[in-house]
>>> print(open('upload35.cif').read())   # mmCIF, C-alpha atoms
data_entry
#
loop_
_atom_site.label_atom_id
_atom_site.label_comp_id
_atom_site.auth_asym_id
_atom_site.auth_seq_id
_atom_site.Cartn_x
_atom_site.Cartn_y
_atom_site.Cartn_z
CA MET K 938 -29.02 16.91 -3.59
CA SER K 939 -27.21 16.37 -0.35
CA ILE K 940 -24.56 13.72 0.09
CA ARG K 941 -22.93 13.20 3.47
CA LEU K 942 -20.07 10.83 4.22
CA TYR K 943 -19.66 9.95 7.90
CA GLY K 944 -16.07 8.85 8.44
CA SER K 945 -12.72 9.42 10.10
CA PRO K 946 -9.34 10.72 9.05
CA PHE K 947 -7.13 7.70 9.58
CA SER K 948 -9.76 5.16 8.52
CA THR K 949 -8.84 3.11 5.45
CA SER K 950 -12.48 2.37 4.74
CA THR K 951 -13.33 6.08 4.68
CA ALA K 952 -10.36 6.73 2.40
CA ARG K 953 -11.56 3.98 0.06
CA VAL K 954 -14.80 5.91 -0.47
CA LEU K 955 -12.93 9.22 -0.77
CA ALA K 956 -10.80 7.75 -3.56
CA ALA K 957 -13.94 6.80 -5.51
CA ILE K 958 -15.54 10.20 -4.80
CA SER K 959 -12.43 11.98 -6.10
CA GLU K 960 -12.27 9.80 -9.20
CA ILE K 961 -15.87 10.69 -10.04
CA GLY K 962 -15.41 14.34 -9.06
CA LEU K 963 -18.33 14.47 -6.66
CA GLU K 964 -19.11 17.11 -4.01
CA VAL K 965 -19.65 15.46 -0.67
CA GLU K 966 -19.98 16.84 2.86
CA LEU K 967 -17.58 15.04 5.20
CA VAL K 968 -18.86 14.49 8.73
CA HIS K 969 -16.23 13.48 11.24
CA VAL K 970 -17.08 10.53 13.48
CA ASP K 971 -14.69 10.59 16.43
CA LEU K 972 -13.40 7.04 16.82
CA TYR K 973 -11.19 8.05 19.75
CA SER K 974 -14.23 8.88 21.87
CA GLY K 975 -16.17 5.84 20.64
CA GLU K 976 -18.69 7.94 18.76
CA HIS K 977 -19.11 5.12 16.20
CA LYS K 978 -20.62 2.96 18.93
CA HIS K 979 -23.13 5.57 20.10
CA ASP K 980 -26.79 5.07 19.25
CA SER K 981 -26.87 7.96 16.80
CA HIS K 982 -24.25 6.26 14.63
CA VAL K 983 -25.37 2.67 15.22
CA GLU K 984 -28.76 3.68 13.81
CA LYS K 985 -26.96 4.35 10.54
CA ASN K 986 -24.55 1.37 10.69
CA PRO K 987 -25.70 -1.41 13.03
CA PHE K 988 -22.15 -2.78 13.12
CA GLY K 989 -20.95 0.50 14.63
CA GLN K 990 -18.37 1.23 11.95
CA VAL K 991 -17.35 3.95 9.54
CA PRO K 992 -18.00 5.00 6.88
CA VAL K 993 -21.69 5.58 6.27
CA LEU K 994 -23.13 7.46 3.30
CA GLU K 995 -26.33 9.47 3.39
CA ASP K 996 -27.70 10.56 0.03
CA ASP K 997 -30.80 12.55 0.92
CA GLU K 998 -32.97 9.84 2.55
CA PHE K 999 -30.89 6.90 1.38
CA VAL K 1000 -28.44 5.46 3.91
CA VAL K 1001 -25.81 2.84 3.09
CA PHE K 1002 -22.80 1.35 4.91
CA GLU K 1003 -19.78 -0.88 3.96
CA SER K 1004 -17.18 1.10 1.99
CA ARG K 1005 -17.12 -1.31 -0.97
CA VAL K 1006 -20.90 -1.00 -1.31
CA ILE K 1007 -20.78 2.79 -1.09
CA THR K 1008 -18.17 3.01 -3.84
CA ARG K 1009 -20.27 0.87 -6.17
CA TYR K 1010 -23.40 2.89 -5.39
CA LEU K 1011 -21.67 6.20 -6.10
CA VAL K 1012 -20.21 5.00 -9.39
CA ARG K 1013 -23.57 3.67 -10.56
CA LYS K 1014 -25.48 6.77 -9.50
CA TYR K 1015 -23.04 9.55 -10.36
CA GLY K 1016 -20.05 8.06 -12.12
CA LYS K 1017 -21.27 5.96 -15.04
CA LYS K 1018 -18.91 7.79 -17.40
CA SER K 1019 -15.92 7.14 -15.16
CA GLY K 1020 -15.58 3.57 -16.47
CA LEU K 1021 -14.83 2.40 -12.92
CA LEU K 1022 -17.52 -0.27 -13.17
CA LYS K 1023 -18.13 -1.93 -16.49
CA GLU K 1024 -21.72 -2.88 -16.11
CA ASP K 1025 -22.76 -2.69 -19.77
CA ASN K 1026 -22.24 -6.38 -20.09
CA PRO K 1027 -22.03 -9.25 -17.58
CA ARG K 1028 -18.60 -10.38 -18.75
CA ASP K 1029 -16.85 -7.06 -18.15
CA ALA K 1030 -18.80 -6.51 -14.93
CA ALA K 1031 -17.62 -9.91 -13.68
CA ALA K 1032 -13.98 -9.06 -14.39
CA VAL K 1033 -14.23 -6.01 -12.10
CA ASP K 1034 -16.24 -7.97 -9.51
CA GLN K 1035 -13.64 -10.70 -9.49
CA TRP K 1036 -10.75 -8.45 -8.55
CA MET K 1037 -12.87 -6.51 -6.05
CA GLU K 1038 -13.62 -9.88 -4.44
CA VAL K 1039 -9.92 -10.82 -4.55
CA GLU K 1040 -9.06 -7.61 -2.71
CA THR K 1041 -11.68 -8.45 -0.07
CA GLN K 1042 -10.88 -12.15 0.29
CA HIS K 1043 -7.11 -12.33 -0.24
CA PHE K 1044 -5.34 -8.92 -0.12
CA ASN K 1045 -7.22 -7.14 2.66
CA LYS K 1046 -6.64 -9.45 5.60
CA PRO K 1047 -2.85 -9.93 5.46
CA VAL K 1048 -2.26 -6.25 4.63
CA ALA K 1049 -4.67 -5.05 7.34
CA THR K 1050 -2.98 -7.34 9.86
CA LEU K 1051 0.49 -6.07 8.94
CA VAL K 1052 -0.68 -2.45 9.18
CA TYR K 1053 -2.29 -3.21 12.54
CA GLN K 1054 0.91 -4.82 13.83
CA HIS K 1055 3.28 -2.12 12.62
CA LEU K 1056 1.13 1.02 12.96
CA PHE K 1057 -2.15 0.84 14.87
CA ARG K 1058 -1.05 -1.46 17.69
CA PRO K 1059 2.06 0.56 18.62
CA HIS K 1060 0.14 3.83 18.15
CA PHE K 1061 -2.95 2.95 20.20
CA ASP K 1062 -1.76 0.25 22.58
CA GLY K 1063 1.94 1.10 22.87
CA VAL K 1064 2.74 -2.53 22.03
CA ALA K 1065 5.40 -3.55 19.47
CA ALA K 1066 4.63 -5.76 16.47
CA ASP K 1067 4.32 -9.50 17.13
CA GLU K 1068 7.06 -10.81 14.83
CA LYS K 1069 5.53 -14.27 14.57
CA VAL K 1070 2.26 -12.85 13.29
CA VAL K 1071 4.17 -10.52 10.96
CA ALA K 1072 6.13 -13.43 9.46
CA GLU K 1073 2.94 -15.43 8.85
CA GLU K 1074 1.15 -12.54 7.20
CA VAL K 1075 4.14 -11.62 5.05
CA GLU K 1076 4.21 -15.18 3.76
CA LYS K 1077 0.51 -15.06 2.92
CA LEU K 1078 0.82 -11.67 1.24
CA GLU K 1079 3.80 -12.88 -0.83
CA LYS K 1080 1.62 -15.62 -2.32
CA VAL K 1081 -1.20 -13.19 -3.04
CA LEU K 1082 1.14 -10.72 -4.70
CA ASP K 1083 2.62 -13.53 -6.81
CA VAL K 1084 -0.88 -14.01 -8.24
CA TYR K 1085 -1.15 -10.25 -8.83
CA GLU K 1086 2.25 -10.29 -10.57
CA GLY K 1087 0.98 -13.00 -12.88
CA LYS K 1088 -2.24 -11.13 -13.66
CA LEU K 1089 -0.57 -7.75 -14.10
CA SER K 1090 1.89 -9.20 -16.58
CA LYS K 1091 -1.15 -9.73 -18.82
CA THR K 1092 -3.18 -6.57 -18.21
CA LYS K 1093 -2.27 -3.04 -17.18
CA PHE K 1094 -4.80 -2.95 -14.35
CA LEU K 1095 -6.47 -5.74 -12.42
CA ALA K 1096 -9.73 -6.08 -14.36
CA GLY K 1097 -8.26 -5.23 -17.74
CA ASP K 1098 -6.45 -2.42 -19.46
CA SER K 1099 -8.49 0.35 -17.90
CA TYR K 1100 -8.63 1.58 -14.30
CA SER K 1101 -11.54 0.25 -12.27
CA LEU K 1102 -12.97 0.11 -8.77
CA ALA K 1103 -11.00 -3.10 -8.28
CA ASP K 1104 -7.80 -1.03 -8.39
CA VAL K 1105 -9.31 1.87 -6.35
CA HIS K 1106 -10.17 -0.44 -3.45
CA HIS K 1107 -6.47 -1.18 -2.87
CA VAL K 1108 -5.46 2.46 -2.39
CA PRO K 1109 -5.77 2.99 1.38
CA TYR K 1110 -4.18 -0.21 2.66
CA GLY K 1111 -1.62 -0.12 -0.15
CA HIS K 1112 -0.67 3.37 1.05
CA TYR K 1113 -0.25 2.26 4.67
CA LEU K 1114 1.67 -0.87 3.63
CA VAL K 1115 4.29 1.05 1.68
CA THR K 1116 4.56 4.13 3.93
CA ARG K 1117 4.03 2.85 7.46
CA THR K 1118 5.34 -0.75 7.48
CA PRO K 1119 8.79 -2.20 6.60
CA HIS K 1120 7.26 -4.27 3.80
CA ALA K 1121 7.22 -1.95 0.78
CA SER K 1122 9.64 -4.41 -0.85
CA LEU K 1123 6.76 -6.86 -1.26
CA ILE K 1124 5.46 -4.46 -3.90
CA ASP K 1125 8.78 -3.10 -5.17
CA SER K 1126 10.32 -6.52 -5.80
CA ARG K 1127 7.58 -7.48 -8.25
CA PRO K 1128 8.00 -5.43 -11.43
CA HIS K 1129 4.42 -5.61 -12.71
CA VAL K 1130 2.92 -5.08 -9.25
CA LYS K 1131 5.28 -2.12 -8.77
CA ALA K 1132 4.32 -0.56 -12.10
CA TRP K 1133 0.64 -1.09 -11.31
CA TRP K 1134 0.98 0.36 -7.82
CA ASP K 1135 2.87 3.42 -9.12
CA ALA K 1136 0.10 4.02 -11.68
CA VAL K 1137 -2.64 3.63 -9.04
CA TYR K 1138 -0.93 5.67 -6.33
CA SER K 1139 0.08 8.59 -8.53
CA ARG K 1140 -3.49 9.35 -9.61
CA PRO K 1141 -4.76 12.66 -8.19
CA ALA K 1142 -7.75 10.90 -6.59
CA SER K 1143 -5.43 8.47 -4.80
CA LYS K 1144 -3.37 11.36 -3.47
CA THR K 1145 -6.50 13.18 -2.27
CA ALA K 1146 -7.74 10.07 -0.48
CA THR K 1147 -4.45 9.14 1.16
CA GLU K 1148 -3.76 12.70 2.35
CA THR K 1149 -6.56 12.07 4.85
CA LEU K 1150 -4.81 9.02 6.31
CA VAL K 1151 -3.11 10.85 9.13
CA MET K 1152 -2.92 9.74 12.71
CA THR K 1153 -3.25 12.41 15.37
CA PRO K 1154 -0.72 11.66 18.13
CA MET Z 1052 -23.07 -24.44 -24.52
CA VAL Z 1053 -23.20 -26.05 -21.11
CA LEU Z 1054 -21.87 -24.28 -18.06
CA LYS Z 1055 -19.03 -26.13 -16.36
CA LEU Z 1056 -18.72 -25.70 -12.62
CA TYR Z 1057 -15.44 -27.02 -11.22
CA GLY Z 1058 -15.85 -27.91 -7.57
CA SER Z 1059 -17.28 -30.34 -5.08
CA PRO Z 1060 -20.90 -31.00 -4.06
CA VAL Z 1061 -19.98 -30.90 -0.35
CA SER Z 1062 -18.16 -27.58 -0.64
CA THR Z 1063 -19.91 -24.52 0.78
CA CYS Z 1064 -18.58 -22.26 -1.95
CA THR Z 1065 -19.50 -24.63 -4.76
CA GLY Z 1066 -22.94 -25.06 -3.18
CA ARG Z 1067 -23.42 -21.30 -3.16
CA VAL Z 1068 -23.13 -21.32 -6.97
CA VAL Z 1069 -25.30 -24.42 -7.38
CA ALA Z 1070 -28.05 -22.64 -5.42
CA VAL Z 1071 -28.12 -19.84 -7.99
CA ILE Z 1072 -27.98 -22.28 -10.89
CA GLU Z 1073 -30.97 -24.13 -9.44
CA GLU Z 1074 -32.88 -20.90 -8.68
CA ILE Z 1075 -32.50 -19.74 -12.28
CA GLY Z 1076 -32.91 -23.24 -13.70
CA LEU Z 1077 -29.77 -23.57 -15.78
CA GLU Z 1078 -28.11 -26.56 -17.41
CA TYR Z 1079 -24.71 -27.25 -15.99
CA GLU Z 1080 -22.06 -29.89 -15.50
CA LEU Z 1081 -20.39 -30.27 -12.11
CA VAL Z 1082 -16.78 -31.27 -12.80
CA PRO Z 1083 -15.31 -32.73 -9.61
CA VAL Z 1084 -12.01 -31.34 -8.35
CA ASP Z 1085 -10.36 -33.72 -5.91
CA LEU Z 1086 -9.15 -31.72 -2.94
CA THR Z 1087 -7.72 -34.81 -1.24
CA THR Z 1088 -5.10 -35.21 -3.98
CA GLY Z 1089 -4.34 -31.48 -4.20
CA GLU Z 1090 -5.88 -31.26 -7.65
CA HIS Z 1091 -7.00 -27.70 -6.89
CA LYS Z 1092 -3.39 -26.55 -6.46
CA ARG Z 1093 -2.08 -27.90 -9.79
CA PRO Z 1094 -2.69 -27.29 -13.48
CA PRO Z 1095 -5.19 -27.28 -15.04
CA HIS Z 1096 -7.24 -26.05 -12.10
CA ILE Z 1097 -4.73 -23.47 -10.94
CA GLU Z 1098 -5.02 -21.88 -14.38
CA ARG Z 1099 -8.75 -21.43 -13.78
CA ASN Z 1100 -8.28 -20.14 -10.24
CA PRO Z 1101 -4.80 -18.80 -9.48
CA PHE Z 1102 -5.55 -18.97 -5.75
CA GLY Z 1103 -5.97 -22.74 -6.07
CA GLN Z 1104 -9.51 -22.83 -4.71
CA ILE Z 1105 -12.91 -24.09 -5.75
CA PRO Z 1106 -15.20 -23.30 -7.42
CA ALA Z 1107 -14.38 -22.00 -10.85
CA LEU Z 1108 -16.89 -21.53 -13.65
CA ALA Z 1109 -16.34 -21.90 -17.38
CA ASP Z 1110 -18.99 -20.33 -19.62
CA GLY Z 1111 -17.61 -20.92 -23.08
CA ASP Z 1112 -14.25 -19.18 -23.09
CA LEU Z 1113 -14.99 -17.09 -20.00
CA VAL Z 1114 -13.50 -18.47 -16.80
CA LEU Z 1115 -14.39 -16.98 -13.42
CA PHE Z 1116 -13.47 -17.74 -9.82
CA GLU Z 1117 -14.77 -16.56 -6.40
CA SER Z 1118 -18.25 -17.98 -5.72
CA ARG Z 1119 -19.85 -14.59 -5.02
CA VAL Z 1120 -18.59 -13.25 -8.35
CA ILE Z 1121 -19.91 -16.29 -10.20
CA THR Z 1122 -23.35 -15.95 -8.58
CA ARG Z 1123 -23.64 -12.30 -9.64
CA TYR Z 1124 -22.47 -13.09 -13.16
CA LEU Z 1125 -25.01 -15.88 -13.58
CA VAL Z 1126 -27.88 -13.73 -12.35
CA ARG Z 1127 -26.92 -10.83 -14.62
CA LYS Z 1128 -26.38 -13.01 -17.66
CA TYR Z 1129 -29.12 -15.61 -17.33
CA GLY Z 1130 -31.31 -14.75 -14.38
CA LYS Z 1131 -32.67 -11.24 -14.79
CA GLY Z 1132 -36.18 -12.54 -14.24
CA SER Z 1133 -35.19 -14.17 -10.97
CA HIS Z 1134 -34.97 -10.83 -9.11
CA LEU Z 1135 -32.01 -12.19 -7.15
CA LEU Z 1136 -30.25 -8.94 -7.94
CA LYS Z 1137 -32.22 -5.73 -8.19
CA GLU Z 1138 -30.26 -3.57 -10.56
CA HIS Z 1139 -32.97 -1.19 -11.77
CA THR Z 1140 -31.85 1.62 -9.51
CA PRO Z 1141 -28.58 2.27 -7.70
CA GLU Z 1142 -30.45 2.32 -4.37
CA GLU Z 1143 -32.02 -1.11 -4.87
CA ALA Z 1144 -28.73 -2.53 -6.10
CA ALA Z 1145 -26.96 -1.09 -3.05
CA ALA Z 1146 -29.49 -2.63 -0.66
CA VAL Z 1147 -28.65 -6.10 -2.01
CA ASP Z 1148 -24.92 -5.31 -2.20
CA GLN Z 1149 -24.94 -4.15 1.42
CA TRP Z 1150 -26.16 -7.47 2.79
CA ILE Z 1151 -23.97 -9.43 0.38
CA GLU Z 1152 -21.05 -7.48 1.85
CA VAL Z 1153 -22.28 -8.05 5.43
CA GLU Z 1154 -22.25 -11.80 4.81
CA VAL Z 1155 -18.65 -11.55 3.59
CA GLN Z 1156 -17.35 -9.15 6.23
CA HIS Z 1157 -19.26 -10.18 9.37
CA PHE Z 1158 -21.07 -13.53 9.04
CA ASN Z 1159 -18.63 -15.63 7.03
CA GLY Z 1160 -15.60 -15.35 9.34
CA PRO Z 1161 -17.14 -16.67 12.56
CA ILE Z 1162 -19.45 -19.22 10.94
CA SER Z 1163 -16.78 -20.72 8.71
CA THR Z 1164 -14.44 -21.01 11.70
CA LEU Z 1165 -17.12 -22.80 13.71
CA VAL Z 1166 -17.88 -25.23 10.87
CA TYR Z 1167 -14.15 -25.81 10.42
CA GLN Z 1168 -13.69 -26.50 14.14
CA HIS Z 1169 -16.63 -28.86 14.47
CA LEU Z 1170 -16.70 -30.54 11.05
CA PHE Z 1171 -13.74 -30.17 8.69
CA LEU Z 1172 -10.99 -30.32 11.31
CA PRO Z 1173 -12.13 -33.58 12.94
CA VAL Z 1174 -13.45 -35.26 9.77
CA PHE Z 1175 -10.73 -34.35 7.26
CA TYR Z 1176 -7.70 -33.62 9.36
CA GLY Z 1177 -8.18 -35.87 12.37
CA GLY Z 1178 -7.81 -32.81 14.54
CA LYS Z 1179 -9.49 -31.81 17.77
CA THR Z 1180 -12.02 -28.98 18.19
CA ASP Z 1181 -10.44 -26.04 20.02
CA GLU Z 1182 -13.09 -24.99 22.53
CA LYS Z 1183 -11.38 -21.67 23.21
CA VAL Z 1184 -11.61 -20.69 19.55
CA VAL Z 1185 -15.20 -21.94 19.45
CA ALA Z 1186 -16.19 -19.74 22.40
CA VAL Z 1187 -14.72 -16.63 20.77
CA GLU Z 1188 -16.45 -17.28 17.44
CA VAL Z 1189 -19.80 -18.13 19.04
CA GLU Z 1190 -19.73 -14.76 20.78
CA LYS Z 1191 -18.86 -12.95 17.54
CA LEU Z 1192 -21.54 -14.75 15.56
CA GLY Z 1193 -24.08 -14.02 18.29
CA LYS Z 1194 -23.47 -10.28 17.93
CA VAL Z 1195 -23.78 -10.47 14.16
CA LEU Z 1196 -27.03 -12.40 14.43
CA ASP Z 1197 -28.38 -9.78 16.84
CA VAL Z 1198 -28.00 -7.27 13.99
CA TYR Z 1199 -29.73 -9.72 11.63
CA GLU Z 1200 -32.56 -10.22 14.15
CA ALA Z 1201 -33.18 -6.48 14.26
CA LYS Z 1202 -33.06 -6.14 10.46
CA LEU Z 1203 -35.32 -9.13 9.88
CA SER Z 1204 -37.88 -7.72 12.26
CA LYS Z 1205 -38.27 -4.89 9.70
CA SER Z 1206 -38.13 -6.81 6.43
CA LYS Z 1207 -38.86 -10.38 5.44
CA PHE Z 1208 -35.47 -10.89 3.82
CA LEU Z 1209 -32.17 -9.10 4.26
CA ALA Z 1210 -32.33 -6.61 1.40
CA GLY Z 1211 -36.08 -6.08 1.59
CA ASP Z 1212 -39.23 -8.12 1.24
CA TYR Z 1213 -37.90 -10.28 -1.57
CA TYR Z 1214 -35.39 -13.17 -1.66
CA SER Z 1215 -32.08 -12.04 -3.09
CA LEU Z 1216 -28.48 -13.14 -3.52
CA ALA Z 1217 -27.80 -11.59 -0.12
CA ASP Z 1218 -29.97 -14.29 1.53
CA LEU Z 1219 -28.85 -17.08 -0.80
CA HIS Z 1220 -25.17 -16.61 0.02
CA HIS Z 1221 -25.90 -17.69 3.62
CA LEU Z 1222 -27.41 -21.05 2.68
CA THR Z 1223 -24.47 -23.42 2.65
CA TYR Z 1224 -22.65 -22.35 5.82
CA GLY Z 1225 -25.99 -21.90 7.56
CA HIS Z 1226 -26.87 -25.48 6.72
CA TYR Z 1227 -23.59 -26.85 8.06
CA LEU Z 1228 -23.85 -24.78 11.25
CA LEU Z 1229 -27.31 -26.14 11.96
CA THR Z 1230 -26.63 -29.78 11.08
CA THR Z 1231 -23.02 -30.47 12.08
CA THR Z 1232 -22.25 -28.16 15.01
CA PRO Z 1233 -23.83 -27.79 18.47
CA HIS Z 1234 -24.73 -24.16 17.75
CA ALA Z 1235 -28.12 -24.37 16.00
CA SER Z 1236 -29.54 -22.39 18.91
CA LEU Z 1237 -27.74 -19.29 17.61
CA PHE Z 1238 -30.38 -19.25 14.86
CA HIS Z 1239 -33.27 -20.90 16.70
CA SER Z 1240 -33.18 -18.57 19.70
CA ARG Z 1241 -33.75 -15.53 17.47
CA PRO Z 1242 -37.32 -15.70 16.15
CA HIS Z 1243 -36.87 -13.53 13.05
CA VAL Z 1244 -33.58 -15.19 12.11
CA LYS Z 1245 -35.26 -18.58 12.59
CA ALA Z 1246 -38.20 -17.65 10.36
CA TRP Z 1247 -35.85 -16.19 7.74
CA TRP Z 1248 -33.74 -19.32 7.79
CA GLU Z 1249 -36.79 -21.53 7.34
CA SER Z 1250 -37.89 -19.47 4.32
CA ILE Z 1251 -34.49 -19.78 2.72
CA ALA Z 1252 -33.92 -23.45 3.46
CA SER Z 1253 -37.36 -24.62 2.36
CA ARG Z 1254 -36.99 -23.29 -1.19
CA PRO Z 1255 -36.80 -26.14 -3.73
CA ALA Z 1256 -33.45 -24.88 -5.07
CA SER Z 1257 -32.05 -24.71 -1.53
CA LYS Z 1258 -33.18 -28.26 -0.77
CA LYS Z 1259 -31.34 -29.57 -3.82
CA VAL Z 1260 -28.14 -27.93 -2.63
CA THR Z 1261 -28.36 -28.93 1.02
CA ALA Z 1262 -29.19 -32.53 0.12
CA ALA Z 1263 -25.68 -32.75 -1.33
CA LEU Z 1264 -24.01 -31.07 1.64
CA SER Z 1265 -23.30 -34.06 3.81
CA PHE Z 1266 -20.45 -36.22 4.87
CA THR Z 1267 -20.80 -39.86 5.61
CA SER Z 1268 -18.33 -40.39 8.40
#
>>> encode(input="upload35.cif", output="structure tokens")
Amino acid sequence: MSIRLYGSPFSTSTARVLAAISEIGLEVELVHVDLYSGEHKHDSHVEKNPFGQVPVLEDDEFVVFESRVITRYLVRKYGKKSGLLKEDNPRDAAAVDQWMEVETQHFNKPVATLVYQHLFRPHFDGVAADEKVVAEEVEKLEKVLDVYEGKLSKTKFLAGDSYSLADVHHVPYGHYLVTRTPHASLIDSRPHVKAWWDAVYSRPASKTATETLVMTP
Amino acid sequence: MVLKLYGSPVSTCTGRVVAVIEEIGLEYELVPVDLTTGEHKRPPHIERNPFGQIPALADGDLVLFESRVITRYLVRKYGKGSHLLKEHTPEEAAAVDQWIEVEVQHFNGPISTLVYQHLFLPVFYGGKTDEKVVAVEVEKLGKVLDVYEAKLSKSKFLAGDYYSLADLHHLTYGHYLLTTTPHASLFHSRPHVKAWWESIASRPASKKVTAALSFTS
């Protein structure tokens, strides 16, 4: 059995898969794709991911891209006992699906934009955050986190009272939001969101995954 | 127990769910939600979908939102024989997941913006198409469809040689792009994409959905 994860150290999508891998306790070979030199756009990588992105997973002959697809695949194949997906019945499976979809459709974009404005743009382009964009995205994220506050006042985690992939998927961008932008208060000011985030972030797997989110100068 | 689908027959996201319902052959009731009066942002709808969007599904006491979560749920619960999801092995499941995720991450953004610019903005909001935005999104969608063209030259449908949810999820926005915007050539100029589209759109279930997707101006 040979599992290879092609990814990059500061990539949130790679970290998303690493968080799932750590939760399951899987051995995986990490192969560094050098985004700085554009390696992800070279033919050898584009053959694996036609959109020229990281991460990509190779499990023997099987190749799959999109981090949120890789996490699901790994849980189904190697992590059934982890409880991260609840696919024994359609109802429980749908609860996890729903909050994975919410992360994709509602949480990801405003958080990714804020992290881009406050971290990636200054780091890579030497340009300061556009305050107008920041204000718009903060407003959007406030509304999303209000919904999370409502949900998390009813259940301990997003899909119910046990930890699931829906929670895992928030780890990398959540980490960047609270540690590398001035907007940690969006989480801290909402008691149930804060309690949830503390529970998610303090898990050993979350620490392992976010330790890789370093930017070389 | 009849399924209740809260939404609108002209809505792309509602239509996505109706396509699955028709493919499986389920009994359902479409309960209209009037977007023009803001019904989707108030109780009782906001209790079904805290993001104030359509559709939402009620199956007995289970309420779900996010169209792509509802489609999966319906296939798992009622449509195992439809083969719209292939959940026998993690690899087959991942193949479908991968192209479901591609639709969300790469196709949906540009195509929904184009349909908004050419259809919803002028028809609902009395606004004017922004040609600069259109040009940017046409270029993005072109690149995405180049990836599709390559994939569909290797398999009949996106996840393999069988119709799956990954293909179905493209139906409603694809229909609007081809019938209400000047960009049908994005599909028609790519022979494998064109053939794939024709296979999808000619299915009886697809025809029922697209017949309802129209605006009388």
>>> resolve_selection(input="upload35.cif", expression="the PyMOL selection byres ((chain K) within 9 of (chain Z))", output="number ranges by chain")
K: 987-988, 999, 1001-1003, 1005-1007, 1009-1014, 1026-1028, 1030-1032, 1034-1035, 1038-1039, 1041-1043, 1080-1081, 1084, 1087
>>> resolve_selection(input="upload35.cif", expression="the PyMOL selection byres ((chain K and resi 1096) around 7)", output="PyMOL selection string")
chain K and resi 1032-1033+1036+1094-1095+1097+1101+1103
>>> residues_around(input="upload35.cif", residues="Z:Ser1163", least_positions_apart="6", cutoff="10 Å", atoms="all atoms listed in the file", output="list in words")
Thr1063, His1169, Phe1171, Glu1188, Tyr1224, Gly1225, Tyr1227 and Leu1228 of chain Z
>>> residues_around(input="upload35.cif", residues="Z:Leu1077", least_positions_apart="5", cutoff="10 Å", atoms="all atoms listed in the file", output="list in words")
Val1053, Leu1054, Val1069, Val1071, Ile1072, Leu1125, Tyr1129 and Gly1130 of chain Z
>>> resolve_selection(input="upload35.cif", expression="the PyMOL selection byres ((chain Z and resi 1252-1268) around 10)", output="ChimeraX atom specification")
/Z:1059-1063,1065-1076,1170-1171,1174-1175,1219,1221-1227,1230-1231,1246-1251
>>> atom_distance(input="upload35.cif", atom1="atom CA of Z:Tyr1079", atom2="atom CA of Z:Lys1055")
5.8 Å
